[in-house]
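As structure tokens, the structure follows; a few thoughts come after it.
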Amino acid sequence: IKNFYSVLSAELEVVRENYKGINIEVYADAAHQTNVQAMIDSVKSSLDYFTNEFGPYQHKQMRIIEFPRYRSFAQSFANTVPYSESMGFITDIDDEDDVNIPYLVTAHEVAHQWWGFQVMAADVQGNTFLIETLSQYSALMVMEREYGRHKVRAFLKHELDRYLTERTRDDEGEVPLYKVEGQSYIHYRKGAI
């Protein structure tokens, strides 16, 4: 296992489900249960797709752990994903036209169990393409299977808008995907497109 981990401490409710011998656990505040089932469903769909396409999952559990909204991100560690309450747990998916961001982000973070923990990148230019862009692609394939191509297109339109806006703020200039390092508008947004 890569020497990369997080430490969290909180009093949280736990929702557990065993899926094909893998314990899926979501640790969340009792008042933040709205998207927990979508996260569990995303983990299950992701495990199915990624195992079929990329090889077996290497752990016996997959844990998602809520942390306060001081920051808004999720990050994958070996079998564990710290996940901001604002990014997934309290996100309001109230419209049929909304892209289910908690579902998509969960699939992206589960994809890192392959892209980043089974396939690791050297500390060179382009390493975030291998880890982040392939995780984005993988998550979009899971999303397409669950919600259809129209939801993926809606998400990609949003990513295109963000890509075009964010690249105007890059003082160093845009590099090709194979050379990207730390420019999220390239490895996430352009990579997804």
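Letters A, B, ... go to the chains of the structure tokens in the order shown; residues in each chain start at 1; ligands are counted from 1 in the same order.
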What are the closest atom pairs, with distances in Å to one decimal, for each residue of range 53-129 of chain A lying within 10 Å of range 155-158 of chain A, using only C-alpha atoms, rows by chain and rising residue number, as a Markdown table?
| residue | atom | partner | partner_atom | distance |
| --- | --- | --- | --- | --- |
| A:Asp98 | CA | A:Phe155 | CA | 9.1 |
| A:Val99 | CA | A:Phe155 | CA | 6.6 |
| A:Asn100 | CA | A:Phe155 | CA | 9.4 |
| A:Ile101 | CA | A:Phe155 | CA | 9.1 |
| A:Leu104 | CA | A:Phe155 | CA | 9.7 |
| said: Report as a ChimeraX atom specification all protein, DNA and RNA residues lying within 12 Å of Glu96 in chain A, evaluated on only C-alpha atoms, omitting residues in the same chain fewer than 4 positions from it. | reply: /A:92,100,147,150-151,154
Could you produce a table of the residues of range 89-169 of chain A lying within 8 Å of range 66-77 of chain A, with the nearest pair of atoms per residue and their separation in Å rounded to one decimal, using only C-alpha atoms, ordered by chain and increasing residue number, as JSON lines?
{"residue": "A:Phe89", "atom": "CA", "partner": "A:Glu66", "partner_atom": "CA", "distance": 7.4}
{"residue": "A:Val105", "atom": "CA", "partner": "A:Ala74", "partner_atom": "CA", "distance": 7.6}
{"residue": "A:Glu109", "atom": "CA", "partner": "A:Ser76", "partner_atom": "CA", "distance": 5.3}
{"residue": "A:Val110", "atom": "CA", "partner": "A:Ser76", "partner_atom": "CA", "distance": 7.1}
{"residue": "A:His112", "atom": "CA", "partner": "A:Ser76", "partner_atom": "CA", "distance": 6.2}
{"residue": "A:Gln113", "atom": "CA", "partner": "A:Ser76", "partner_atom": "CA", "distance": 7.3}
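With CA of Leu134 in chain A on one side and CA of Pro82 in chain A on the other, the separation reads 20.1 Å.
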| In terms of the shortest atom-to-atom distance over only C-alpha atoms, which of A:Ser138, A:Thr34, A:Ser184, A:Thr91 is closest to Glu159 in chain A? |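 Ranked by minimum distance to Glu159 in chain A, first place goes to A:Ser184.
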| Nearest to Arg145 in chain A among A:Ala122, A:Ile186, A:Ala107, A:Ile131, with distances taken over only C-alpha atoms: which residue is it? | A:Ala107
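With distances restricted to only C-alpha atoms, A:Leu130 is the closest residue to Gly191 in chain A from A:Val15, A:Leu130, A:Met143, A:Ala111.
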Hey, which bits of range 79-148 of chain A sit within 10 Å of range 19-32 of chain A, and for each residue what's the closest pair of atoms and how far apart in Å (one decimal), counting only C-alpha atoms, rows by chain and increasing number, as CSV?
residue,atom,partner,partner_atom,distance
A:Asn79,CA,A:Ile24,CA,9.6
A:Thr80,CA,A:Glu25,CA,9.4
A:Val81,CA,A:Val26,CA,9.4
A:Pro82,CA,A:Tyr27,CA,9.5
A:Tyr83,CA,A:Ala28,CA,9.5
A:Glu85,CA,A:His32,CA,7.7
A:Ser86,CA,A:His32,CA,9.9
A:Gly88,CA,A:His32,CA,9.3
A:Phe89,CA,A:His32,CA,5.5
A:Ile90,CA,A:His32,CA,6.0
A:Thr91,CA,A:His32,CA,9.4
Include N, CA, C and O atoms and write out the residues we just selected as a compact mmCIF listing (two decimals), in the first residue's frame.
# COMPACT_ATOMS: atom_id res chain seq x y z
N ASN A 79 -8.60 2.13 0.24
CA ASN A 79 -9.90 1.67 0.76
C ASN A 79 -10.66 2.71 1.60
O ASN A 79 -11.63 2.36 2.25
N THR A 80 -10.25 3.96 1.58
CA THR A 80 -10.88 5.00 2.40
C THR A 80 -10.98 6.31 1.60
O THR A 80 -10.02 6.71 0.96
N VAL A 81 -12.14 6.97 1.70
CA VAL A 81 -12.34 8.25 1.03
C VAL A 81 -12.89 9.28 2.01
O VAL A 81 -14.07 9.23 2.35
N PRO A 82 -12.07 10.19 2.51
CA PRO A 82 -12.60 11.34 3.24
C PRO A 82 -13.36 12.23 2.24
O PRO A 82 -12.87 12.48 1.14
N TYR A 83 -14.55 12.66 2.63
CA TYR A 83 -15.47 13.29 1.68
C TYR A 83 -16.15 14.46 2.39
O TYR A 83 -16.81 14.28 3.40
N GLU A 85 -18.67 17.22 3.63
CA GLU A 85 -20.13 17.25 3.74
C GLU A 85 -20.74 18.12 2.66
O GLU A 85 -21.79 17.80 2.11
N SER A 86 -20.07 19.22 2.30
CA SER A 86 -20.65 20.14 1.31
C SER A 86 -20.58 19.61 -0.11
O SER A 86 -21.36 20.01 -0.96
N GLY A 88 -20.89 16.32 -0.96
CA GLY A 88 -21.71 15.14 -1.22
C GLY A 88 -22.83 14.88 -0.25
O GLY A 88 -23.91 14.48 -0.63
N PHE A 89 -22.58 15.12 1.02
CA PHE A 89 -23.55 14.71 2.02
C PHE A 89 -24.75 15.64 2.12
O PHE A 89 -25.84 15.21 2.45
N ILE A 90 -24.55 16.91 1.84
CA ILE A 90 -25.68 17.84 1.93
C ILE A 90 -26.02 18.45 0.56
O ILE A 90 -26.79 19.39 0.47
N THR A 91 -25.49 17.87 -0.50
CA THR A 91 -25.80 18.33 -1.85
C THR A 91 -27.25 18.00 -2.16
O THR A 91 -27.71 16.89 -1.94
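Picture a line from CA of Asp95 in chain A to CA of Met62 in chain A; it runs 28.8 Å.
Scanning range 16-65 of chain A with DSSP on the backbone, the helix (DSSP H, G or I) assignments fall on Val36, Gln37, Ala38, Met39, Ile40, Asp41, Ser42, Val43, Lys44, Ser45, Ser46, Leu47, Asp48, Tyr49, Phe50, Thr51, Asn52, Glu53 and Phe54 of chain A.
CA of Arg63 in chain A is positioned 26.3 Å from CA of Gly182 in chain A.
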| Nearest to Gln125 in chain A among A:Gln61, A:Gln183, A:Gln33, A:Ser6, with distances taken over only C-alpha atoms: which residue is it? |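 Closest to Gln125 in chain A, using only C-alpha atoms: A:Gln183.
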| said: Taking only C-alpha atoms into account, name the residue in A:Phe54, A:Ile193, A:Ala78, A:Met87 that is nearest to Gln136 in chain A. | reply: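 The closest residue to Gln136 in chain A is A:Ile193.
Shortest atom-to-atom contact with Val14 in chain A among A:Asp48, A:Ile64, A:Val43, A:Leu160: A:Ile64, counting only C-alpha atoms.
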